[in-house]
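K.L.:
Enclosed is the structure file protein-v2.pdb (PDB, C-alpha atoms and all ligand atoms).
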```
ATOM      1  CA  MET Y   1      51.979 133.678  37.813
ATOM      2  CA  LYS Y   2      52.151 136.516  40.257
ATOM      3  CA  LEU Y   3      48.872 135.450  41.763
ATOM      4  CA  LYS Y   4      50.186 131.920  42.224
ATOM      5  CA  LYS Y   5      53.258 133.211  44.058
ATOM      6  CA  PHE Y   6      51.044 135.358  46.201
ATOM      7  CA  LEU Y   7      48.837 132.386  47.064
ATOM      8  CA  VAL Y   8      51.882 130.310  47.978
ATOM      9  CA  PHE Y   9      53.077 133.167  50.163
ATOM     10  CA  LEU Y  10      49.673 133.376  51.820
ATOM     11  CA  THR Y  11      49.551 129.642  52.484
ATOM     12  CA  ILE Y  12      53.039 129.542  53.967
ATOM     13  CA  SER Y  13      52.511 132.559  56.192
ATOM     14  CA  GLY Y  14      49.158 131.175  57.283
ATOM     15  CA  MET Y  15      50.791 127.913  58.274
ATOM     16  CA  LEU Y  16      53.562 129.723  60.121
ATOM     17  CA  PHE Y  17      51.028 131.814  62.004
ATOM     18  CA  PHE Y  18      49.176 128.648  62.979
ATOM     19  CA  VAL Y  19      52.322 126.855  64.159
ATOM     20  CA  ILE Y  20      53.474 129.854  66.199
ATOM     21  CA  ASN Y  21      50.100 130.117  67.896
ATOM     22  CA  VAL Y  22      49.963 126.428  68.698
ATOM     23  CA  MET Y  23      53.456 126.672  70.169
ATOM     24  CA  LYS Y  24      52.457 129.670  72.237
ATOM     25  CA  GLN Y  25      49.599 127.776  73.819
ATOM     26  CA  GLN Y  26      51.741 124.815  74.742
ATOM     27  CA  PRO Y  27      52.919 125.067  78.302
ATOM     28  CA  ILE Y  28      56.685 124.997  78.533
ATOM     29  CA  PHE Y  29      57.207 121.955  80.626
ATOM     30  CA  LYS Y  30      59.432 118.954  80.662
ATOM     31  CA  ALA Y  31      58.220 115.689  82.126
ATOM     32  CA  PRO Y  32      59.145 112.019  82.002
ATOM     33  CA  LYS Y  33      56.995 110.136  79.479
ATOM     34  CA  THR Y  34      55.474 107.844  82.112
ATOM     35  CA  ILE Y  35      53.664 110.733  83.774
ATOM     36  CA  SER Y  36      53.389 113.282  80.965
ATOM     37  CA  GLU Y  37      49.650 112.723  80.592
ATOM     38  CA  GLU Y  38      49.023 113.347  84.289
ATOM     39  CA  VAL Y  39      51.254 116.424  84.167
ATOM     40  CA  GLU Y  40      49.309 117.798  81.231
ATOM     41  CA  ILE Y  41      45.967 117.292  82.954
ATOM     42  CA  ALA Y  42      47.193 118.961  86.154
ATOM     43  CA  LEU Y  43      48.666 121.880  84.183
ATOM     44  CA  SER Y  44      45.396 122.397  82.315
ATOM     45  CA  TYR Y  45      43.958 123.742  85.587
ATOM     46  CA  TYR Y  46      46.715 126.365  85.735
ATOM     47  CA  PRO Y  47      46.613 128.386  82.495
ATOM     48  CA  ASP Y  48      48.442 131.207  84.309
ATOM     49  CA  LEU Y  49      51.521 128.973  84.568
ATOM     50  CA  ASN Y  50      51.602 128.370  80.805
ATOM     51  CA  GLU Y  51      54.581 130.593  80.273
ATOM     52  CA  ILE Y  52      56.534 129.502  83.316
ATOM     53  CA  PRO Y  53      59.104 126.805  82.555
ATOM     54  CA  ILE Y  54      58.515 123.867  84.869
ATOM     55  CA  GLU Y  55      60.557 120.714  84.839
ATOM     56  CA  PHE Y  56      59.153 117.533  86.382
ATOM     57  CA  LYS Y  57      61.936 115.210  87.385
ATOM     58  CA  PHE Y  58      62.269 111.846  89.055
ATOM     59  CA  LYS Y  59      64.670 111.631  91.924
ATOM     60  CA  GLU Y  60      65.862 108.585  93.816
ATOM     61  CA  HIS Y  61      64.893 109.835  97.240
ATOM     62  CA  ILE Y  62      63.366 112.966  98.697
ATOM     63  CA  LYS Y  63      63.599 113.599 102.397
ATOM     64  CA  LYS Y  64      60.263 113.262 104.175
ATOM     65  CA  SER Y  65      58.115 113.857 101.124
ATOM     66  CA  THR Y  66      57.010 112.466  97.808
ATOM     67  CA  MET Y  67      57.105 115.556  95.662
ATOM     68  CA  GLN Y  68      58.726 118.909  96.058
ATOM     69  CA  ALA Y  69      58.283 122.055  93.994
ATOM     70  CA  GLN Y  70      61.095 124.563  94.123
ATOM     71  CA  PRO Y  71      62.445 127.477  92.105
ATOM     72  CA  LYS Y  72      65.547 126.660  90.110
ATOM     73  CA  PHE Y  73      68.579 128.158  91.762
ATOM     74  CA  SER Y  74      69.341 130.469  88.831
ATOM     75  CA  SER Y  75      65.878 132.008  89.337
ATOM     76  CA  PHE Y  76      67.037 133.903  92.406
ATOM     77  CA  PHE Y  77      69.011 136.216  90.150
ATOM     78  CA  LYS Y  78      66.147 136.841  87.775
ATOM     79  CA  SER Y  79      62.870 138.694  87.919
ATOM     80  CA  ARG Y  80      59.759 136.846  88.992
ATOM     81  CA  LYS Y  81      58.490 136.597  85.417
ATOM     82  CA  LYS Y  82      61.626 134.786  84.321
ATOM     83  CA  ARG Y  83      61.700 132.260  87.119
ATOM     84  CA  SER Y  84      61.706 128.577  86.341
ATOM     85  CA  TYR Y  85      60.807 125.710  88.637
ATOM     86  CA  VAL Y  86      61.526 122.085  89.184
ATOM     87  CA  VAL Y  87      59.101 119.575  90.671
ATOM     88  CA  LEU Y  88      61.036 116.660  92.093
ATOM     89  CA  ILE Y  89      59.167 113.383  92.245
ATOM     90  CA  SER Y  90      60.375 110.456  94.237
ATOM     91  CA  LYS Y  91      61.030 107.546  91.857
ATOM     92  CA  HIS Y  92      59.254 105.094  93.995
ATOM     93  CA  ILE Y  93      56.520 106.728  95.911
ATOM     94  CA  LYS Y  94      57.858 105.609  99.190
ATOM     95  CA  ILE Y  95      55.671 106.269 102.134
ATOM     96  CA  SER Y  96      57.545 105.105 105.199
ATOM     97  CA  ASP Y  97      58.114 101.350 104.805
ATOM     98  CA  LYS Y  98      55.713 100.738 101.990
ATOM     99  CA  GLU Y  99      57.036 101.340  98.495
ATOM    100  CA  PHE Y 100      54.838 102.026  95.493
ATOM    101  CA  ASN Y 101      56.080 102.262  91.961
ATOM    102  CA  THR Y 102      54.981 105.499  90.408
ATOM    103  CA  LYS Y 103      53.262 103.560  87.643
ATOM    104  CA  ASP Y 104      51.079 101.738  90.202
ATOM    105  CA  ILE Y 105      49.686 104.925  91.678
ATOM    106  CA  PRO Y 106      46.124 105.536  90.444
ATOM    107  CA  LYS Y 107      46.039 108.242  87.816
ATOM    108  CA  GLU Y 108      43.798 110.633  89.737
ATOM    109  CA  VAL Y 109      46.047 110.356  92.792
ATOM    110  CA  MET Y 110      49.066 111.338  90.712
ATOM    111  CA  ILE Y 111      47.153 114.246  89.149
ATOM    112  CA  GLY Y 112      46.106 115.436  92.608
ATOM    113  CA  TRP Y 113      49.658 115.233  93.835
ATOM    114  CA  LEU Y 114      50.912 117.257  90.880
ATOM    115  CA  GLY Y 115      48.054 119.751  91.317
ATOM    116  CA  HIS Y 116      49.131 120.365  94.900
ATOM    117  CA  GLU Y 117      52.715 121.052  93.777
ATOM    118  CA  LEU Y 118      51.484 123.476  91.119
ATOM    119  CA  GLY Y 119      49.549 125.187  93.925
ATOM    120  CA  HIS Y 120      52.904 125.797  95.637
ATOM    121  CA  ILE Y 121      54.262 127.305  92.415
ATOM    122  CA  VAL Y 122      51.316 129.726  92.169
ATOM    123  CA  ASP Y 123      52.079 130.734  95.767
ATOM    124  CA  TYR Y 124      55.790 131.214  94.922
ATOM    125  CA  GLN Y 125      54.895 133.317  91.895
ATOM    126  CA  SER Y 126      53.059 135.744  94.185
ATOM    127  CA  ARG Y 127      56.293 136.389  96.108
ATOM    128  CA  ASP Y 128      59.293 138.499  95.162
ATOM    129  CA  ASN Y 129      62.766 136.976  95.514
ATOM    130  CA  LEU Y 130      63.460 138.233  99.017
ATOM    131  CA  ASN Y 131      60.078 137.072 100.200
ATOM    132  CA  LEU Y 132      60.676 133.691  98.599
ATOM    133  CA  LEU Y 133      63.974 133.354 100.398
ATOM    134  CA  GLY Y 134      62.258 134.201 103.682
ATOM    135  CA  PHE Y 135      59.619 131.618 102.876
ATOM    136  CA  GLY Y 136      62.302 128.945 102.411
ATOM    137  CA  LEU Y 137      63.887 129.757 105.759
ATOM    138  CA  HIS Y 138      60.593 129.814 107.617
ATOM    139  CA  TYR Y 139      59.584 126.534 106.028
ATOM    140  CA  LEU Y 140      62.727 124.911 107.400
ATOM    141  CA  PHE Y 141      62.206 126.031 110.954
ATOM    142  CA  SER Y 142      58.556 126.619 111.684
ATOM    143  CA  VAL Y 143      55.866 123.974 111.995
ATOM    144  CA  ASP Y 144      53.127 126.600 111.725
ATOM    145  CA  TYR Y 145      54.678 127.920 108.567
ATOM    146  CA  ILE Y 146      54.772 124.469 106.939
ATOM    147  CA  LYS Y 147      51.122 124.043 107.853
ATOM    148  CA  HIS Y 148      50.276 127.386 106.346
ATOM    149  CA  ALA Y 149      52.224 126.690 103.127
ATOM    150  CA  GLU Y 150      50.683 123.241 102.632
ATOM    151  CA  ARG Y 151      47.189 124.537 103.253
ATOM    152  CA  THR Y 152      47.786 127.337 100.781
ATOM    153  CA  ALA Y 153      48.884 124.860  98.103
ATOM    154  CA  ASP Y 154      45.798 122.706  98.702
ATOM    155  CA  SER Y 155      43.415 125.624  98.662
ATOM    156  CA  VAL Y 156      44.907 127.018  95.448
ATOM    157  CA  ALA Y 157      44.358 123.609  93.810
ATOM    158  CA  VAL Y 158      40.775 123.442  95.121
ATOM    159  CA  ASP Y 159      40.092 126.978  93.889
ATOM    160  CA  ARG Y 160      41.234 125.871  90.449
ATOM    161  CA  GLY Y 161      38.688 123.082  90.463
ATOM    162  CA  MET Y 162      41.013 120.230  91.417
ATOM    163  CA  GLY Y 163      39.208 119.361  94.662
ATOM    164  CA  ASP Y 164      38.275 115.809  93.676
ATOM    165  CA  TYR Y 165      41.838 115.028  92.673
ATOM    166  CA  ILE Y 166      43.191 116.465  95.914
ATOM    167  CA  ILE Y 167      40.784 114.321  97.908
ATOM    168  CA  ALA Y 168      41.789 111.233  95.910
ATOM    169  CA  THR Y 169      45.418 111.870  96.869
ATOM    170  CA  LYS Y 170      44.640 112.282 100.552
ATOM    171  CA  ARG Y 171      42.384 109.240 100.666
ATOM    172  CA  PHE Y 172      45.091 107.199  98.984
ATOM    173  CA  ILE Y 173      47.489 107.991 101.799
ATOM    174  CA  LEU Y 174      45.084 107.929 104.710
ATOM    175  CA  ASP Y 175      43.223 104.792 103.634
ATOM    176  CA  HIS Y 176      46.268 102.654 102.996
ATOM    177  CA  ALA Y 177      46.590 100.496 106.050
ATOM    178  CA  GLU Y 178      50.206  99.649 105.163
ATOM    179  CA  ILE Y 179      51.228 103.257 105.419
ATOM    180  CA  SER Y 180      52.732 103.968 108.799
ATOM    181  CA  GLU Y 181      50.937 105.998 111.433
ATOM    182  CA  THR Y 182      53.925 108.345 111.609
ATOM    183  CA  TYR Y 183      53.431 109.375 108.004
ATOM    184  CA  LYS Y 184      49.680 109.616 108.388
ATOM    185  CA  ASN Y 185      50.103 111.764 111.475
ATOM    186  CA  ARG Y 186      52.398 114.043 109.526
ATOM    187  CA  MET Y 187      49.670 114.308 106.926
ATOM    188  CA  ARG Y 188      47.061 115.116 109.550
ATOM    189  CA  LYS Y 189      49.304 117.666 111.205
ATOM    190  CA  PHE Y 190      50.401 119.661 108.164
ATOM    191  CA  TYR Y 191      47.738 119.154 105.554
ATOM    192  CA  LEU Y 192      44.053 119.761 105.207
ATOM    193  CA  SER Y 193      41.860 116.748 105.845
ATOM    194  CA  PRO Y 194      39.581 115.322 103.136
ATOM    195  CA  GLU Y 195      36.635 116.750 105.102
ATOM    196  CA  GLU Y 196      38.134 120.239 105.128
ATOM    197  CA  ILE Y 197      38.719 119.987 101.381
ATOM    198  CA  MET Y 198      35.064 118.991 100.914
ATOM    199  CA  GLN Y 199      34.002 122.133 102.765
ATOM    200  CA  MET Y 200      36.280 124.200 100.530
ATOM    201  CA  ILE Y 201      34.798 122.625  97.409
ATOM    202  CA  ASP Y 202      31.303 123.495  98.664
ATOM    203  CA  LYS Y 203      32.397 127.098  99.101
ATOM    204  CA  VAL Y 204      33.899 127.265  95.606
ATOM    205  CA  ASP Y 205      30.732 125.810  94.088
TER     206      ASP Y 205
HETATM  207 ZN    ZN Y 301      53.218 120.595  99.565
END
```
Starting from the file, lay out its structure as structure tokens.
Ligand SMILES: [Zn+2]
P.N.:
Amino acid sequence: MKLKKFLVFLTISGMLFFVINVMKQQPIFKAPKTISEEVEIALSYYPDLNEIPIEFKFKEHIKKSTMQAQPKFSSFFKSRKKRSYVVLISKHIKISDKEFNTKDIPKEVMIGWLGHELGHIVDYQSRDNLNLLGFGLHYLFSVDYIKHAERTADSVAVDRGMGDYIIATKRFILDHAEISETYKNRMRKFYLSPEEIMQMIDKVD
């Protein structure tokens, strides 16, 4: 009888141990169902962000961009390790006059887009709160700073092995004839070109 109880105890504690470990490995993220698969794939390239709460959220309209990663406001009063982030995603991927539904965007393009945003988060995690605040201000006012920040996000993603996804995203924008030249020029001005990404991938390999 005692042995039986002991075995039951062993089984239950074994199961608990298993469940706790599985939970530990799950990244703490929240994402709409329609893109949760893409989010999971993108996050799999960033095991260091596993313990950082990140919420992916659709928004009706985002000024001048499609996605935007930012620390949650409450994070400014917490230590870096306890920060949480939100990645805002425009409901309809609207690039100037042409509107795409998120569900119509090719999967690899979406993954690349998300990978770029996670690159921003890695960059933010390397900054203390004051530095992050300075970053936000610079980003608002300096073209060179935007360029630098966007290139950093891309190169982080490429370093993590997401180069092909990043290229897919850029090609999607640059190769769509319907997308306005203004938007494409913005892309060319602030972001790395597909060719530059290729060179980076070569270096990583
Ligand atoms: Zn960006």
K.L.:
The PyMOL selection byres (((chain Y and resi 189-191) around 8) and not hetatm) on the file shown: which residues, as a VMD selection string?
P.N.:
chain Y and resid 143 146 to 148 150 to 151 154 185 to 188 192 to 193
K.L.:
Would you mind reading off the distance between CA of Gly136 (chain Y) and CA of Pro71 (chain Y), one decimal, in Å?
P.N.:
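Interatomic distance here is 10.4 Å.
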K.L.:
Any chance you could work out the residue set of the PyMOL selection byres (((not hetatm)) within 7 of (chain Y and resi 301)) here, as a list of chain:residue names?
P.N.:
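Going through the file, the PyMOL selection byres (((not hetatm)) within 7 of (chain Y and resi 301)) ends up selecting Y:Gln68, Y:His116, Y:Glu117, Y:His120, Y:Glu150, Y:Ala153.
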K.L.:
Translate the PyMOL selection byres (((chain Y and resi 119) around 12) and not hetatm), as applied to the file shown, into an explicit residue set as an mmCIF file with C-alpha atoms, in the frame of the given file.
P.N.:
```cif
data_model
loop_
_atom_site.group_PDB
_atom_site.id
_atom_site.type_symbol
_atom_site.label_atom_id
_atom_site.label_comp_id
_atom_site.auth_asym_id
_atom_site.auth_seq_id
_atom_site.Cartn_x
_atom_site.Cartn_y
_atom_site.Cartn_z
ATOM 1 C CA ALA Y 42 47.193 118.961 86.154
ATOM 2 C CA LEU Y 43 48.666 121.880 84.183
ATOM 3 C CA TYR Y 45 43.958 123.742 85.587
ATOM 4 C CA TYR Y 46 46.715 126.365 85.735
ATOM 5 C CA ASP Y 48 48.442 131.207 84.309
ATOM 6 C CA LEU Y 49 51.521 128.973 84.568
ATOM 7 C CA GLN Y 68 58.726 118.909 96.058
ATOM 8 C CA ALA Y 69 58.283 122.055 93.994
ATOM 9 C CA GLN Y 70 61.095 124.563 94.123
ATOM 10 C CA VAL Y 87 59.101 119.575 90.671
ATOM 11 C CA GLY Y 112 46.106 115.436 92.608
ATOM 12 C CA TRP Y 113 49.658 115.233 93.835
ATOM 13 C CA LEU Y 114 50.912 117.257 90.880
ATOM 14 C CA GLY Y 115 48.054 119.751 91.317
ATOM 15 C CA HIS Y 116 49.131 120.365 94.900
ATOM 16 C CA GLU Y 117 52.715 121.052 93.777
ATOM 17 C CA LEU Y 118 51.484 123.476 91.119
ATOM 18 C CA HIS Y 120 52.904 125.797 95.637
ATOM 19 C CA ILE Y 121 54.262 127.305 92.415
ATOM 20 C CA VAL Y 122 51.316 129.726 92.169
ATOM 21 C CA ASP Y 123 52.079 130.734 95.767
ATOM 22 C CA TYR Y 124 55.790 131.214 94.922
ATOM 23 C CA GLN Y 125 54.895 133.317 91.895
ATOM 24 C CA SER Y 126 53.059 135.744 94.185
ATOM 25 C CA ALA Y 149 52.224 126.690 103.127
ATOM 26 C CA GLU Y 150 50.683 123.241 102.632
ATOM 27 C CA ARG Y 151 47.189 124.537 103.253
ATOM 28 C CA THR Y 152 47.786 127.337 100.781
ATOM 29 C CA ALA Y 153 48.884 124.860 98.103
ATOM 30 C CA ASP Y 154 45.798 122.706 98.702
ATOM 31 C CA SER Y 155 43.415 125.624 98.662
ATOM 32 C CA VAL Y 156 44.907 127.018 95.448
ATOM 33 C CA ALA Y 157 44.358 123.609 93.810
ATOM 34 C CA VAL Y 158 40.775 123.442 95.121
ATOM 35 C CA ASP Y 159 40.092 126.978 93.889
ATOM 36 C CA ARG Y 160 41.234 125.871 90.449
ATOM 37 C CA GLY Y 161 38.688 123.082 90.463
ATOM 38 C CA MET Y 162 41.013 120.230 91.417
ATOM 39 C CA GLY Y 163 39.208 119.361 94.662
ATOM 40 C CA ILE Y 166 43.191 116.465 95.914
#
```
K.L.:
Could you tell me how far CA of Lys33 (chain Y) lies from CA of Lys78 (chain Y), in Å and to one decimal?
P.N.:
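We find that CA of Lys33 (chain Y) and CA of Lys78 (chain Y) lie 29.4 Å from each other.
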K.L.:
Find the residue from Y:Phe76, Y:Ile105, Y:Ser84, Y:Ile93 that sits nearest to Asn131 (chain Y); use only C-alpha atoms when measuring.
P.N.:
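Between Y:Phe76, Y:Ile105, Y:Ser84, Y:Ile93, the residue approaching Asn131 (chain Y) most closely is Y:Phe76.
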K.L.:
By how many Å are CA of His61 (chain Y) and CA of Leu130 (chain Y) apart?
P.N.:
28.5 Å
K.L.:
Kindly indicate which residue among Y:Glu108, Y:Asp144, Y:Glu40, Y:Glu60 lies nearest to Tyr165 (chain Y), using all atoms listed in the file for the distances.
P.N.:
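For Tyr165 (chain Y), the nearest of the given residues is Y:Glu108.
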K.L.:
Please, could N, CA and C atoms be added to region 176-204 of chain Y and the result written as an mmCIF file, keeping the file's coordinate frame?
P.N.:
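Written output follows (rebuild-v5.cif):
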```
data_model
loop_
_atom_site.group_PDB
_atom_site.id
_atom_site.type_symbol
_atom_site.label_atom_id
_atom_site.label_comp_id
_atom_site.auth_asym_id
_atom_site.auth_seq_id
_atom_site.Cartn_x
_atom_site.Cartn_y
_atom_site.Cartn_z
ATOM 1 N N HIS Y 176 45.393 103.797 103.159
ATOM 2 C CA HIS Y 176 46.268 102.654 102.996
ATOM 3 C C HIS Y 176 46.753 102.163 104.345
ATOM 4 N N ALA Y 177 46.269 101.028 104.724
ATOM 5 C CA ALA Y 177 46.590 100.496 106.050
ATOM 6 C C ALA Y 177 48.099 100.275 106.203
ATOM 7 N N GLU Y 178 48.773 99.964 105.057
ATOM 8 C CA GLU Y 178 50.206 99.649 105.163
ATOM 9 C C GLU Y 178 51.034 100.899 105.467
ATOM 10 N N ILE Y 179 50.459 102.043 105.198
ATOM 11 C CA ILE Y 179 51.228 103.257 105.419
ATOM 12 C C ILE Y 179 51.314 103.541 106.915
ATOM 13 N N SER Y 180 52.510 103.860 107.355
ATOM 14 C CA SER Y 180 52.732 103.968 108.799
ATOM 15 C C SER Y 180 51.960 105.124 109.426
ATOM 16 N N GLU Y 181 51.656 104.965 110.692
ATOM 17 C CA GLU Y 181 50.937 105.998 111.433
ATOM 18 C C GLU Y 181 51.752 107.296 111.498
ATOM 19 N N THR Y 182 53.074 107.149 111.540
ATOM 20 C CA THR Y 182 53.925 108.345 111.609
ATOM 21 C C THR Y 182 53.674 109.236 110.401
ATOM 22 N N TYR Y 183 53.645 108.587 109.224
ATOM 23 C CA TYR Y 183 53.431 109.375 108.004
ATOM 24 C C TYR Y 183 52.027 109.959 107.979
ATOM 25 N N LYS Y 184 51.058 109.131 108.378
ATOM 26 C CA LYS Y 184 49.680 109.616 108.388
ATOM 27 C C LYS Y 184 49.525 110.792 109.361
ATOM 28 N N ASN Y 185 50.194 110.668 110.501
ATOM 29 C CA ASN Y 185 50.103 111.764 111.475
ATOM 30 C C ASN Y 185 50.686 113.049 110.922
ATOM 31 N N ARG Y 186 51.784 112.884 110.163
ATOM 32 C CA ARG Y 186 52.398 114.043 109.526
ATOM 33 C C ARG Y 186 51.391 114.689 108.574
ATOM 34 N N MET Y 187 50.702 113.820 107.845
ATOM 35 C CA MET Y 187 49.670 114.308 106.926
ATOM 36 C C MET Y 187 48.595 115.092 107.669
ATOM 37 N N ARG Y 188 48.152 114.489 108.799
ATOM 38 C CA ARG Y 188 47.061 115.116 109.550
ATOM 39 C C ARG Y 188 47.510 116.444 110.150
ATOM 40 N N LYS Y 189 48.791 116.473 110.532
ATOM 41 C CA LYS Y 189 49.304 117.666 111.205
ATOM 42 C C LYS Y 189 49.465 118.837 110.238
ATOM 43 N N PHE Y 190 50.034 118.556 109.061
ATOM 44 C CA PHE Y 190 50.401 119.661 108.164
ATOM 45 C C PHE Y 190 49.390 119.963 107.065
ATOM 46 N N TYR Y 191 48.590 118.965 106.729
ATOM 47 C CA TYR Y 191 47.738 119.154 105.554
ATOM 48 C C TYR Y 191 46.269 119.223 105.921
ATOM 49 N N LEU Y 192 45.495 119.721 104.996
ATOM 50 C CA LEU Y 192 44.053 119.761 105.207
ATOM 51 C C LEU Y 192 43.506 118.338 105.133
ATOM 52 N N SER Y 193 42.468 118.078 105.888
ATOM 53 C CA SER Y 193 41.860 116.748 105.845
ATOM 54 C C SER Y 193 40.907 116.669 104.659
ATOM 55 N N PRO Y 194 40.558 115.446 104.232
ATOM 56 C CA PRO Y 194 39.581 115.322 103.136
ATOM 57 C C PRO Y 194 38.295 116.085 103.455
ATOM 58 N N GLU Y 195 37.874 116.056 104.723
ATOM 59 C CA GLU Y 195 36.635 116.750 105.102
ATOM 60 C C GLU Y 195 36.773 118.260 104.905
ATOM 61 N N GLU Y 196 37.919 118.790 105.303
ATOM 62 C CA GLU Y 196 38.134 120.239 105.128
ATOM 63 C C GLU Y 196 38.128 120.623 103.649
ATOM 64 N N ILE Y 197 38.699 119.731 102.831
ATOM 65 C CA ILE Y 197 38.719 119.987 101.381
ATOM 66 C C ILE Y 197 37.281 120.006 100.851
ATOM 67 N N MET Y 198 36.474 119.033 101.341
ATOM 68 C CA MET Y 198 35.064 118.991 100.914
ATOM 69 C C MET Y 198 34.375 120.325 101.195
ATOM 70 N N GLN Y 199 34.617 120.848 102.403
ATOM 71 C CA GLN Y 199 34.002 122.133 102.765
ATOM 72 C C GLN Y 199 34.454 123.239 101.820
ATOM 73 N N MET Y 200 35.757 123.186 101.465
ATOM 74 C CA MET Y 200 36.280 124.200 100.530
ATOM 75 C C MET Y 200 35.608 124.080 99.175
ATOM 76 N N ILE Y 201 35.426 122.836 98.715
ATOM 77 C CA ILE Y 201 34.798 122.625 97.409
ATOM 78 C C ILE Y 201 33.371 123.195 97.436
ATOM 79 N N ASP Y 202 32.658 122.948 98.531
ATOM 80 C CA ASP Y 202 31.303 123.495 98.664
ATOM 81 C C ASP Y 202 31.310 125.009 98.523
ATOM 82 N N LYS Y 203 32.308 125.628 99.153
ATOM 83 C CA LYS Y 203 32.397 127.098 99.101
ATOM 84 C C LYS Y 203 32.651 127.583 97.677
ATOM 85 N N VAL Y 204 33.566 126.880 96.978
ATOM 86 C CA VAL Y 204 33.899 127.265 95.606
ATOM 87 C C VAL Y 204 32.679 127.142 94.707
#
```
